[in-house]
$ cat data32.txt   # compact mmCIF, C-alpha atoms
# COMPACT_ATOMS: atom_id res chain seq x y z
CA MET O 1486 23.63 -3.83 -0.37
CA GLU O 1487 21.20 -1.03 -1.18
CA LEU O 1488 20.99 -2.53 -4.63
CA TRP O 1489 19.98 -5.86 -3.09
CA VAL O 1490 17.14 -4.13 -1.34
CA SER O 1491 16.10 -2.66 -4.66
CA TYR O 1492 16.30 -6.05 -6.43
CA THR O 1493 14.32 -7.93 -3.74
CA LEU O 1494 11.45 -5.55 -4.21
CA ARG O 1495 11.37 -6.00 -7.98
CA ILE O 1496 11.92 -9.76 -8.02
CA GLY O 1497 9.42 -10.42 -5.24
CA VAL O 1498 6.67 -8.49 -6.98
CA SER O 1499 7.40 -10.17 -10.34
CA ILE O 1500 7.25 -13.68 -8.86
CA ALA O 1501 4.06 -12.84 -6.96
CA ALA O 1502 2.44 -11.42 -10.11
CA ALA O 1503 3.40 -14.52 -12.11
CA VAL O 1504 1.94 -16.91 -9.50
CA ILE O 1505 -1.27 -14.88 -9.19
CA LEU O 1506 -1.59 -14.82 -12.98
CA LEU O 1507 -1.14 -18.61 -13.08
CA GLY O 1508 -3.90 -18.90 -10.48
CA VAL O 1509 -6.22 -16.69 -12.51
CA VAL O 1510 -5.65 -18.77 -15.66
CA LEU O 1511 -6.41 -21.96 -13.69
CA TYR O 1512 -9.43 -20.24 -12.17
CA VAL O 1513 -10.86 -19.62 -15.63
CA ILE O 1514 -10.09 -23.20 -16.75
CA GLN O 1515 -11.66 -24.75 -13.63
CA GLY O 1516 -14.74 -22.58 -14.10
CA SER O 1517 -17.50 -22.21 -11.55
CA SER O 1518 -17.15 -25.89 -10.53
CA GLY O 1519 -13.70 -25.20 -9.05
CA ALA O 1520 -13.30 -25.76 -5.32
CA GLY O 1521 -14.00 -22.66 -3.27
CA HIS O 1522 -14.98 -20.55 -6.28
CA LEU O 1523 -17.65 -17.99 -5.53
CA GLN O 1524 -20.92 -18.59 -7.33
CA SER O 1525 -22.39 -15.10 -7.57
CA MET O 1526 -21.75 -11.46 -6.82
CA ASP O 1527 -24.02 -11.80 -3.79
CA ASP O 1528 -21.15 -13.59 -2.05
CA LEU O 1529 -19.23 -10.31 -2.13
CA LYS O 1530 -21.98 -7.96 -1.01
CA PRO O 1531 -22.62 -6.63 2.48
CA GLY O 1532 -24.65 -9.04 4.54
CA ARG O 1533 -23.28 -12.05 2.62
CA ASP O 1534 -23.80 -15.30 4.50
CA ASN O 1535 -20.55 -16.98 3.52
CA THR O 1536 -17.35 -16.44 5.42
CA ILE O 1537 -14.11 -17.50 3.85
CA ASP O 1538 -11.91 -19.64 6.03
CA VAL O 1539 -8.23 -19.24 5.29
CA SER O 1540 -5.57 -21.30 7.03
CA TRP O 1541 -2.21 -22.83 6.21
CA THR O 1542 -3.94 -26.23 6.11
CA SER O 1543 -6.59 -25.02 3.66
CA ILE O 1544 -3.93 -23.56 1.39
CA ARG O 1545 -1.74 -26.67 1.58
CA ASP O 1546 -4.64 -29.02 0.82
CA GLY O 1547 -5.76 -26.75 -2.01
CA LEU O 1548 -2.30 -26.75 -3.54
CA LYS O 1549 -2.24 -30.57 -3.61
CA ASP O 1550 -5.28 -30.47 -5.89
CA PHE O 1551 -4.01 -27.53 -7.97
CA GLN O 1552 -6.92 -25.43 -6.82
CA ALA O 1553 -6.86 -21.99 -8.40
CA ILE O 1554 -7.89 -20.25 -5.19
CA ALA O 1555 -4.99 -21.75 -3.23
CA ILE O 1556 -2.50 -20.77 -5.93
CA ILE O 1557 -3.74 -17.18 -5.98
CA GLN O 1558 -3.46 -17.15 -2.18
CA VAL O 1559 0.15 -18.33 -2.39
CA GLY O 1560 0.82 -15.52 -4.88
CA LEU O 1561 -0.70 -13.00 -2.50
CA LEU O 1562 1.43 -14.37 0.36
CA ILE O 1563 4.57 -13.96 -1.79
CA LEU O 1564 3.52 -10.38 -2.45
CA LEU O 1565 3.13 -9.89 1.31
CA LEU O 1566 6.50 -11.46 1.92
CA THR O 1567 8.30 -8.98 -0.37
CA PRO O 1568 8.40 -6.05 2.08
CA VAL O 1569 9.11 -8.52 4.89
CA THR O 1570 12.22 -9.73 3.04
CA ARG O 1571 13.18 -6.14 2.40
CA VAL O 1572 13.06 -5.37 6.12
CA ALA O 1573 15.05 -8.55 6.89
CA LEU O 1574 17.74 -7.40 4.43
CA THR O 1575 17.79 -3.96 6.04
CA LEU O 1576 18.32 -5.68 9.41
CA LEU O 1577 21.39 -7.44 7.97
CA LEU O 1578 22.59 -4.07 6.67
CA PHE O 1579 22.42 -2.52 10.17
CA LEU O 1580 23.98 -5.58 11.81
CA ARG O 1581 26.85 -5.38 9.33
CA ASP O 1582 27.41 -1.73 10.24
CA ARG O 1583 27.18 -2.62 13.97
CA ASP O 1584 24.41 -0.06 14.32
CA ARG O 1585 22.76 -1.41 17.47
CA ILE O 1586 19.85 1.00 17.87
CA PHE O 1587 18.74 0.63 14.26
CA ALA O 1588 19.22 -3.14 14.32
CA ILE O 1589 16.82 -3.28 17.27
CA ILE O 1590 14.30 -0.92 15.63
CA THR O 1591 14.39 -3.01 12.45
CA ALA O 1592 14.07 -6.26 14.39
CA VAL O 1593 10.91 -4.97 16.09
CA VAL O 1594 9.38 -3.98 12.75
CA LEU O 1595 10.34 -7.37 11.31
CA THR O 1596 8.66 -9.11 14.26
CA ILE O 1597 5.41 -7.20 13.70
CA LEU O 1598 5.48 -8.11 10.01
CA LEU O 1599 6.21 -11.80 10.69
CA LEU O 1600 3.44 -12.03 13.29
CA GLY O 1601 1.06 -10.68 10.64
CA PHE O 1602 2.42 -12.93 7.91
CA PHE O 1603 2.00 -16.10 9.98
CA GLY O 1604 -1.45 -15.05 11.10
CA ILE O 1605 -0.55 -14.73 14.77
CA VAL O 1606 -1.85 -11.18 15.24
CA MET E 1073 -23.21 -9.83 -13.21
CA SER E 1074 -21.37 -13.13 -13.14
CA ILE E 1075 -18.20 -13.52 -11.11
CA GLU E 1076 -16.15 -14.14 -14.27
CA LEU E 1077 -17.34 -10.92 -15.87
CA PHE E 1078 -16.71 -9.06 -12.62
CA VAL E 1079 -13.11 -10.30 -12.54
CA VAL E 1080 -12.50 -9.08 -16.10
CA VAL E 1081 -14.17 -5.68 -15.62
CA MET E 1082 -12.41 -5.19 -12.27
CA PHE E 1083 -9.06 -6.02 -13.88
CA LEU E 1084 -9.62 -3.35 -16.54
CA SER E 1085 -10.78 -0.79 -13.95
CA ALA E 1086 -7.72 -1.51 -11.83
CA ILE E 1087 -5.47 -0.85 -14.84
CA GLY E 1088 -7.17 2.52 -15.22
CA ALA E 1089 -6.85 3.32 -11.52
CA GLY E 1090 -3.19 2.29 -11.43
CA MET E 1091 -2.41 4.34 -14.53
CA LEU E 1092 -4.18 7.47 -13.30
CA GLY E 1093 -2.60 7.03 -9.89
CA SER E 1094 0.94 6.89 -11.18
CA LEU E 1095 0.35 9.76 -13.63
CA VAL E 1096 -0.59 12.10 -10.78
CA GLY E 1097 1.77 10.58 -8.23
CA LEU E 1098 -0.80 8.86 -6.03
CA GLY E 1099 -0.67 5.14 -5.37
CA GLY E 1100 -3.87 4.38 -7.27
CA GLY E 1101 -5.05 2.38 -4.27
CA ILE E 1102 -7.18 5.33 -3.33
CA LEU E 1103 -9.55 4.64 -6.24
CA ILE E 1104 -9.82 0.87 -5.72
CA VAL E 1105 -12.12 0.93 -2.68
CA PRO E 1106 -14.58 3.41 -4.28
CA ILE E 1107 -14.65 1.41 -7.53
CA LEU E 1108 -15.38 -1.83 -5.66
CA THR E 1109 -17.95 -0.43 -3.26
CA ILE E 1110 -19.77 2.21 -5.33
CA GLY E 1111 -19.20 0.57 -8.70
CA PHE E 1112 -19.82 -3.08 -7.84
CA GLY E 1113 -21.58 -2.99 -4.48
CA VAL E 1114 -18.85 -5.05 -2.81
CA ASP E 1115 -18.71 -5.16 1.02
CA ILE E 1116 -16.34 -2.37 2.07
CA HIS E 1117 -14.36 -4.73 4.33
CA LEU E 1118 -13.54 -6.97 1.36
CA ALA E 1119 -12.76 -3.92 -0.80
CA ILE E 1120 -10.28 -2.66 1.79
CA GLY E 1121 -8.66 -6.11 1.99
CA ALA E 1122 -8.12 -6.29 -1.78
CA SER E 1123 -6.88 -2.73 -1.90
CA ILE E 1124 -4.30 -3.03 0.87
CA ILE E 1125 -2.55 -5.99 -0.73
CA SER E 1126 -2.47 -4.26 -4.13
CA VAL E 1127 -0.77 -1.29 -2.47
CA ILE E 1128 2.23 -3.55 -1.78
CA ALA E 1129 2.51 -4.33 -5.49
CA THR E 1130 2.58 -0.73 -6.70
CA SER E 1131 4.74 0.71 -3.94
CA SER E 1132 7.46 -1.90 -4.37
CA GLY E 1133 8.15 -1.01 -7.99
CA ALA E 1134 8.43 2.69 -7.23
CA ALA E 1135 10.47 2.10 -4.08
CA ALA E 1136 13.02 0.01 -5.95
CA ALA E 1137 13.80 2.88 -8.30
CA PHE E 1138 14.17 5.42 -5.51
CA VAL E 1139 16.51 3.26 -3.43
CA ARG E 1140 18.71 2.88 -6.49
CA ASP E 1141 18.81 6.66 -6.93
CA HIS E 1142 19.84 7.19 -3.26
CA MET E 1143 16.86 9.49 -2.68
CA THR E 1144 15.47 7.33 0.13
CA ASN E 1145 16.65 7.95 3.68
CA ILE E 1146 16.66 4.36 4.93
CA ARG E 1147 17.30 5.33 8.58
CA VAL E 1148 14.39 7.75 8.66
CA ALA E 1149 12.26 5.15 6.88
CA MET E 1150 13.10 2.37 9.34
CA LEU E 1151 12.49 4.55 12.39
CA LEU E 1152 9.15 5.76 11.08
CA GLU E 1153 8.12 2.27 9.95
CA LEU E 1154 8.10 1.41 13.62
CA ALA E 1155 5.29 3.95 13.98
CA THR E 1156 3.43 3.09 10.77
CA SER E 1157 3.48 -0.68 11.27
CA PHE E 1158 2.10 -0.43 14.82
CA GLY E 1159 -0.47 2.02 13.46
CA ALA E 1160 -1.38 -0.27 10.57
CA VAL E 1161 -1.93 -3.23 12.89
CA SER E 1162 -4.17 -1.12 15.16
CA GLY E 1163 -6.09 0.17 12.15
CA ALA E 1164 -6.64 -3.30 10.69
CA ILE E 1165 -7.87 -4.70 14.00
CA VAL E 1166 -10.24 -1.79 14.63
CA ALA E 1167 -11.59 -1.85 11.05
CA ALA E 1168 -13.27 -5.22 11.58
CA TRP E 1169 -15.40 -3.77 14.38
CA LEU E 1170 -16.30 -0.49 12.72
CA ASN E 1171 -19.65 0.18 11.14
CA PRO E 1172 -19.29 0.25 7.32
CA LYS E 1173 -21.00 3.66 7.30
CA LEU E 1174 -18.22 5.11 9.40
CA LEU E 1175 -15.62 3.58 7.09
CA PHE E 1176 -17.30 5.25 4.09
CA PHE E 1177 -17.27 8.54 5.93
CA LEU E 1178 -13.61 8.32 6.88
CA PHE E 1179 -12.72 7.32 3.35
CA GLY E 1180 -14.53 10.34 1.95
CA GLY E 1181 -12.58 12.55 4.32
CA ILE E 1182 -9.26 11.05 3.30
CA LEU E 1183 -10.10 11.51 -0.38
CA LEU E 1184 -10.74 15.22 0.17
CA PHE E 1185 -7.58 15.46 2.21
CA SER E 1186 -5.50 13.97 -0.65
CA VAL E 1187 -6.77 16.69 -2.97
CA PHE E 1188 -5.05 19.49 -1.03
CA PRO E 1189 -1.44 18.63 -1.82
CA MET E 1190 -2.48 18.40 -5.47
CA ILE E 1191 -3.87 21.93 -5.51
CA LYS E 1192 -1.18 23.57 -3.46
CA LYS E 1193 2.23 22.07 -4.02
CA LEU E 1194 3.66 20.91 -0.71
CA GLY E 1195 7.04 21.70 0.63
CA GLU E 1196 10.24 23.43 -0.23
CA GLU E 1197 12.63 21.62 -2.47
CA ILE E 1198 15.48 22.26 -0.06
CA PRO E 1199 14.31 23.62 3.33
CA LYS E 1200 16.65 26.21 4.83
CA GLY E 1201 17.75 26.73 8.42
CA VAL E 1202 16.79 23.27 9.66
CA VAL E 1203 18.77 22.14 12.69
CA ASN E 1204 18.87 18.54 13.88
CA ASP E 1205 16.82 17.99 17.02
CA GLU E 1206 18.11 15.82 19.85
CA TRP E 1207 16.63 12.65 18.35
CA ALA E 1208 17.93 13.28 14.86
CA ASP E 1209 21.37 13.82 16.36
CA ARG E 1210 21.30 10.72 18.49
CA LEU E 1211 19.91 8.54 15.68
CA ARG E 1212 22.02 10.21 12.99
CA LEU E 1213 19.06 10.89 10.73
CA ASN E 1214 20.59 13.72 8.71
CA SER E 1215 21.86 12.68 5.30
CA TYR E 1216 22.44 13.86 1.74
CA TYR E 1217 21.27 13.08 -1.76
CA PRO E 1218 22.57 13.70 -5.26
CA ASP E 1219 20.68 16.31 -7.23
CA ARG E 1220 21.11 17.11 -10.88
CA LYS E 1221 20.61 20.83 -10.42
CA HIS E 1222 22.11 21.49 -6.97
CA GLY E 1223 24.84 18.87 -6.76
CA VAL E 1224 25.08 17.00 -3.46
CA VAL E 1225 22.42 18.29 -1.08
CA HIS E 1226 23.00 17.86 2.68
CA TYR E 1227 19.96 18.11 4.94
CA ASN E 1228 19.02 17.98 8.62
CA VAL E 1229 15.99 16.50 10.33
CA THR E 1230 13.92 18.11 13.07
CA ARG E 1231 10.85 17.50 15.29
CA VAL E 1232 11.29 13.73 15.18
CA PRO E 1233 8.75 12.92 17.94
CA LEU E 1234 6.00 14.92 16.17
CA GLY E 1235 6.82 13.18 12.88
CA PHE E 1236 6.69 9.83 14.68
CA VAL E 1237 3.21 10.49 16.07
CA MET E 1238 1.95 11.71 12.69
CA MET E 1239 3.34 8.55 11.14
CA TYR E 1240 1.44 6.41 13.63
CA VAL E 1241 -1.73 8.15 12.47
CA ALA E 1242 -0.76 7.56 8.83
CA GLY E 1243 -0.33 3.88 9.70
CA VAL E 1244 -3.76 3.69 11.36
CA VAL E 1245 -5.39 5.30 8.31
CA SER E 1246 -3.59 2.86 6.00
CA GLY E 1247 -4.63 -0.20 8.01
CA LEU E 1248 -8.15 1.08 8.48
CA LEU E 1249 -8.93 2.08 4.91
CA GLY E 1250 -6.62 -0.10 2.82
CA ILE E 1251 -4.66 2.73 1.23
CA GLY E 1252 -0.97 3.59 1.18
CA SER E 1253 -1.66 6.94 2.89
CA GLY E 1254 1.32 8.41 1.06
CA ALA E 1255 -0.12 11.93 1.31
CA LEU E 1256 -0.12 11.71 5.12
CA LYS E 1257 3.38 10.27 5.19
CA VAL E 1258 4.77 13.04 3.00
CA LEU E 1259 2.96 15.59 5.17
CA ALA E 1260 4.63 14.25 8.32
CA MET E 1261 8.12 14.26 6.83
CA ASP E 1262 7.63 17.54 5.05
CA THR E 1263 5.87 19.80 7.54
CA ALA E 1264 7.01 18.24 10.82
CA MET E 1265 10.47 16.89 10.11
CA ARG E 1266 11.25 19.32 7.28
CA LEU E 1267 12.98 16.92 4.92
CA PRO E 1268 13.56 18.01 1.32
CA ILE E 1269 10.45 17.18 -0.71
CA LYS E 1270 12.27 14.70 -2.97
CA VAL E 1271 13.53 12.78 0.05
CA SER E 1272 10.08 12.88 1.66
CA SER E 1273 8.33 11.41 -1.36
CA ALA E 1274 11.00 8.76 -2.00
CA THR E 1275 11.07 7.73 1.66
CA SER E 1276 7.27 7.69 1.80
CA ASN E 1277 7.12 5.41 -1.25
CA PHE E 1278 9.68 3.15 0.34
CA MET E 1279 7.63 2.91 3.54
CA ILE E 1280 4.22 2.31 1.97
CA GLY E 1281 4.88 -1.36 1.18
CA VAL E 1282 5.98 -2.18 4.74
CA THR E 1283 3.02 -0.34 6.25
CA ALA E 1284 0.66 -2.18 3.91
CA ALA E 1285 2.29 -5.53 4.68
CA ALA E 1286 1.80 -5.00 8.42
CA SER E 1287 -1.99 -4.94 8.05
CA SER E 1288 -2.31 -7.23 4.99
CA GLY E 1289 -1.57 -10.35 7.06
CA ILE E 1290 -4.43 -9.53 9.41
CA TYR E 1291 -6.84 -9.02 6.52
CA PHE E 1292 -5.59 -12.16 4.78
CA TRP E 1293 -6.06 -14.61 7.66
CA ARG E 1294 -9.36 -12.99 8.60
CA GLY E 1295 -10.67 -14.01 5.17
CA ASP E 1296 -11.13 -10.43 4.00
CA ILE E 1297 -8.77 -10.82 1.05
CA VAL E 1298 -10.94 -12.68 -1.45
CA PRO E 1299 -8.91 -14.09 -4.38
CA GLU E 1300 -11.69 -13.22 -6.86
CA ILE E 1301 -11.23 -9.53 -5.99
CA ALA E 1302 -7.61 -9.35 -4.92
CA ALA E 1303 -6.15 -11.08 -8.01
CA PRO E 1304 -7.62 -8.75 -10.67
CA VAL E 1305 -6.98 -5.72 -8.45
CA ALA E 1306 -3.33 -6.54 -7.74
CA LEU E 1307 -2.51 -7.50 -11.34
CA GLY E 1308 -4.48 -4.59 -12.80
CA VAL E 1309 -3.04 -1.89 -10.57
CA LEU E 1310 0.47 -3.21 -11.14
CA ALA E 1311 0.02 -3.24 -14.93
CA GLY E 1312 -1.59 0.20 -14.84
CA ALA E 1313 1.15 1.71 -12.69
CA THR E 1314 3.84 0.32 -14.99
CA LEU E 1315 2.07 1.72 -18.04
CA GLY E 1316 1.53 5.03 -16.28
CA ALA E 1317 5.21 5.36 -15.44
CA ARG E 1318 6.04 4.93 -19.15
CA LEU E 1319 3.42 7.44 -20.22
CA LEU E 1320 4.57 9.95 -17.63
CA VAL E 1321 7.62 10.74 -19.71
CA ARG E 1322 5.43 11.66 -22.65
CA PHE E 1323 2.69 13.73 -21.12
CA ARG E 1324 3.07 15.23 -17.70
CA SER E 1325 0.04 17.32 -18.26
CA GLU E 1326 -1.68 19.79 -15.99
CA THR E 1327 -4.95 18.63 -17.56
CA ILE E 1328 -4.63 15.13 -16.14
CA ARG E 1329 -4.03 16.54 -12.68
CA ARG E 1330 -7.08 18.77 -12.91
CA ILE E 1331 -9.25 15.91 -14.14
CA PHE E 1332 -8.01 13.76 -11.28
CA ILE E 1333 -8.84 16.42 -8.70
CA VAL E 1334 -12.39 16.60 -10.03
CA VAL E 1335 -12.66 12.80 -10.00
CA LEU E 1336 -11.42 12.63 -6.40
CA VAL E 1337 -13.92 15.24 -5.23
CA ILE E 1338 -16.84 13.50 -6.96
CA VAL E 1339 -15.81 10.15 -5.51
CA ALA E 1340 -15.41 11.71 -2.05
CA VAL E 1341 -18.95 13.11 -2.20
CA GLN E 1342 -20.29 9.70 -3.21
CA MET E 1343 -18.46 8.02 -0.34
CA PHE E 1344 -19.92 10.59 2.06
CA LEU E 1345 -23.41 9.96 0.70
CA LYS E 1346 -22.93 6.22 1.19
CA GLY E 1347 -21.73 6.90 4.71
CA LEU E 1348 -24.85 8.93 5.41
CA GLY E 1349 -26.98 6.16 3.99
CA VAL E 1350 -28.44 8.45 1.31
CA VAL E 1351 -27.21 6.12 -1.42
CA ALA E 1352 -27.67 2.40 -0.92
$ encode --input "data32.txt" --output "structure tokens"
Amino acid sequence: MELWVSYTLRIGVSIAAAVILLGVVLYVIQGSSGAGHLQSMDDLKPGRDNTIDVSWTSIRDGLKDFQAIAIIQVGLLILLLTPVTRVALTLLLFLRDRDRIFAIITAVVLTILLLGFFGIV
Amino acid sequence: MSIELFVVVMFLSAIGAGMLGSLVGLGGGILIVPILTIGFGVDIHLAIGASIISVIATSSGAAAAFVRDHMTNIRVAMLLELATSFGAVSGAIVAAWLNPKLLFFLFGGILLFSVFPMIKKLGEEIPKGVVNDEWADRLRLNSYYPDRKHGVVHYNVTRVPLGFVMMYVAGVVSGLLGIGSGALKVLAMDTAMRLPIKVSSATSNFMIGVTAAASSGIYFWRGDIVPEIAAPVALGVLAGATLGARLLVRFRSETIRRIFIVVLVIVAVQMFLKGLGVVA
């Protein structure tokens, strides 16, 4: 079981890295005409006038068109999900051992992480 | 500078930061925000967003190895993650409202703080005379680990409430500044809870990813994690950390550590100056 925890961490990060890399390659191919691509460094500086709207809908629509930005965002979400999965596995570990206090502690941590992941907090 | 060139240069810088970080045993995340803000003039809020998500990438690789080696105390980690994840969420929420100048200032302070454990080695390898406190007893936090030199080492855990509060602070700092705050985590486990140093560092590494994930979601949906920054940073730091871990076997040099200390101090001064508004 501890090995599982170890594997989740490695596999999750590898998948995330691969998806992000795919997004970067597409980003370069689509060039500055790609949807949602920033046009200049000024968009990253303090006092920039653009705000980036991120939502599940924007990511889903972007994925339909193979937009590089959406693919990178999915990669980043997979990266974010890696520790979440790890905590979920740890919860199973404590449930298996009938360790009530630690199952509850882990469930609370998992809830905080999921609220963040789904954008509820 | 065009965005494309920025992405390439940032990727290369992140490799450097990740490599240096793993060579001296810091996450490497600590250099990302200064590189982005001082080096490229990026808004500090966006720099923090990119940094925090890259912290997940580097910590996960290291954590995997430590879990396998049974160095990590998973019960201690889970209990303290309760504190760090609440802290990280508070930090991430507060960060949005804070004046960038204050963020620069705090970051400078944290940089200086991380230098101390590098000058004076923290902690005893195996602390003596530690007795479980009431909490450690009730939660069965004491454990053991295999050691090549000392055989199986059994250890106790003390001052759990103090460690818990310190961990909340570590979480706030992580969520606020986009770093793993490993130095603070080790400090809490080492000085307050008196865990063996190997267990402290392994458990800290294990916790960093969860702490970072707790605030990353907030940054992500707020639009502070810009793909153009986060992608090269995450991939670069990950590649750099992997390379660094390989190199570590070949040259674990005092020189690198000294260079890094100097770099950290210089960067800290620059962050302070930015916080004061002396440097634009």
$ closest_residue --input "data32.txt" --among "E:Val1305, E:Met1265, E:Ile1125, E:Ile1290" --to "Leu1598 of chain O" --atoms "all atoms listed in the file"
E:Ile1290
$ interface_residues --input "data32.txt" --of "chain E" --to "chain O" --cutoff "8 Å" --atoms "all atoms listed in the file" --output "short mmCIF file (atom, residue, chain, number, x, y, z; two decimals) with C-alpha atoms, in the frame of the given file"
data_model
loop_
_atom_site.label_atom_id
_atom_site.label_comp_id
_atom_site.auth_asym_id
_atom_site.auth_seq_id
_atom_site.Cartn_x
_atom_site.Cartn_y
_atom_site.Cartn_z
CA MET E 1073 -23.21 -9.83 -13.21
CA SER E 1074 -21.37 -13.13 -13.14
CA ILE E 1075 -18.20 -13.52 -11.11
CA GLU E 1076 -16.15 -14.14 -14.27
CA GLY E 1113 -21.58 -2.99 -4.48
CA VAL E 1114 -18.85 -5.05 -2.81
CA ASP E 1115 -18.71 -5.16 1.02
CA ILE E 1116 -16.34 -2.37 2.07
CA LEU E 1118 -13.54 -6.97 1.36
CA ILE E 1125 -2.55 -5.99 -0.73
CA ILE E 1128 2.23 -3.55 -1.78
CA ALA E 1129 2.51 -4.33 -5.49
CA SER E 1132 7.46 -1.90 -4.37
CA GLY E 1133 8.15 -1.01 -7.99
CA ALA E 1135 10.47 2.10 -4.08
CA ALA E 1136 13.02 0.01 -5.95
CA ALA E 1137 13.80 2.88 -8.30
CA VAL E 1139 16.51 3.26 -3.43
CA ARG E 1140 18.71 2.88 -6.49
CA ARG E 1147 17.30 5.33 8.58
CA MET E 1150 13.10 2.37 9.34
CA LEU E 1151 12.49 4.55 12.39
CA GLU E 1153 8.12 2.27 9.95
CA LEU E 1154 8.10 1.41 13.62
CA SER E 1157 3.48 -0.68 11.27
CA PHE E 1158 2.10 -0.43 14.82
CA LEU E 1211 19.91 8.54 15.68
CA GLY E 1281 4.88 -1.36 1.18
CA VAL E 1282 5.98 -2.18 4.74
CA ALA E 1285 2.29 -5.53 4.68
CA ALA E 1286 1.80 -5.00 8.42
CA SER E 1287 -1.99 -4.94 8.05
CA SER E 1288 -2.31 -7.23 4.99
CA GLY E 1289 -1.57 -10.35 7.06
CA ILE E 1290 -4.43 -9.53 9.41
CA PHE E 1292 -5.59 -12.16 4.78
CA TRP E 1293 -6.06 -14.61 7.66
CA ARG E 1294 -9.36 -12.99 8.60
CA GLY E 1295 -10.67 -14.01 5.17
CA ASP E 1296 -11.13 -10.43 4.00
CA VAL E 1298 -10.94 -12.68 -1.45
CA PRO E 1299 -8.91 -14.09 -4.38
CA GLU E 1300 -11.69 -13.22 -6.86
CA ALA E 1303 -6.15 -11.08 -8.01
CA ALA E 1306 -3.33 -6.54 -7.74
CA LEU E 1307 -2.51 -7.50 -11.34
#
$ atom_distance --input "data32.txt" --atom1 "atom CA of Met1238 of chain E" --atom2 "atom CA of Ile1120 of chain E"
21.8 Å
$ residues_around --input "data32.txt" --residues "segment 1252-1254 of chain E" --least-positions-apart "3" --cutoff "9 Å" --atoms "all atoms listed in the file" --output "number ranges by chain"
E: 1098-1102, 1124, 1127-1128, 1131, 1182, 1186, 1242-1243, 1245-1247, 1249, 1257-1259, 1273, 1276-1277, 1279-1281, 1283-1284
$ closest_residue --input "data32.txt" --among "O:Ile1514, O:Ile1563, O:Ile1544, O:Leu1574" --to "Ile1500 of chain O" --atoms "only C-alpha atoms"
O:Ile1563
$ axis_aligned_box --input "data32.txt" --around "segment 1499-1509 of chain O" --padding-each-side "8 Å" --output "lines of an AutoDock Vina configuration file"
center_x = 0.6
center_y = -14.5
center_z = -10.0
size_x = 29.6
size_y = 24.7
size_z = 22.1
$ atom_distance --input "data32.txt" --atom1 "atom CA of Val1224 of chain E" --atom2 "atom CA of Ala1274 of chain E"
16.4 Å
$ closest_atom_pairs --input "data32.txt" --of "segment 1143-1240 of chain E" --to "segment 1327-1348 of chain E" --cutoff "7 Å" --atoms "only C-alpha atoms" --output "CSV"
residue,atom,partner,partner_atom,distance
E:Lys1173,CA,E:Gly1347,CA,4.2
E:Leu1174,CA,E:Gly1347,CA,6.1
E:Phe1176,CA,E:Gly1347,CA,4.8
E:Phe1177,CA,E:Gly1347,CA,4.9
E:Phe1179,CA,E:Met1343,CA,6.9
E:Gly1180,CA,E:Ala1340,CA,4.3
E:Leu1183,CA,E:Ala1340,CA,5.6
E:Leu1184,CA,E:Ala1340,CA,6.2
E:Val1187,CA,E:Ile1333,CA,6.1
$ atom_distance --input "data32.txt" --atom1 "atom CA of Ala1260 of chain E" --atom2 "atom CA of Met1143 of chain E"
17.1 Å
$ build_atoms --input "data32.txt" --residues "segment 1260-1270 of chain E" --atoms "N, CA and C atoms" --output "compact mmCIF listing (two decimals), in the frame of the given file"
# COMPACT_ATOMS: atom_id res chain seq x y z
N ALA E 1260 3.88 14.38 7.07
CA ALA E 1260 4.63 14.25 8.32
C ALA E 1260 6.11 14.57 8.12
N MET E 1261 6.68 14.05 7.06
CA MET E 1261 8.12 14.26 6.83
C MET E 1261 8.40 15.68 6.37
N ASP E 1262 7.43 16.22 5.62
CA ASP E 1262 7.63 17.54 5.05
C ASP E 1262 7.40 18.65 6.08
N THR E 1263 6.19 18.68 6.65
CA THR E 1263 5.87 19.80 7.54
C THR E 1263 6.47 19.64 8.93
N ALA E 1264 6.48 18.41 9.47
CA ALA E 1264 7.01 18.24 10.82
C ALA E 1264 8.52 18.11 10.81
N MET E 1265 9.04 17.19 10.03
CA MET E 1265 10.47 16.89 10.11
C MET E 1265 11.32 17.70 9.13
N ARG E 1266 10.64 18.39 8.22
CA ARG E 1266 11.25 19.32 7.28
C ARG E 1266 12.35 18.72 6.41
N LEU E 1267 12.06 17.54 5.88
CA LEU E 1267 12.98 16.92 4.92
C LEU E 1267 12.76 17.56 3.55
N PRO E 1268 13.77 17.53 2.69
CA PRO E 1268 13.56 18.01 1.32
C PRO E 1268 12.44 17.19 0.66
N ILE E 1269 11.64 17.84 -0.18
CA ILE E 1269 10.45 17.18 -0.71
C ILE E 1269 10.78 15.90 -1.49
N LYS E 1270 11.90 15.90 -2.21
CA LYS E 1270 12.27 14.70 -2.97
C LYS E 1270 12.55 13.53 -2.05
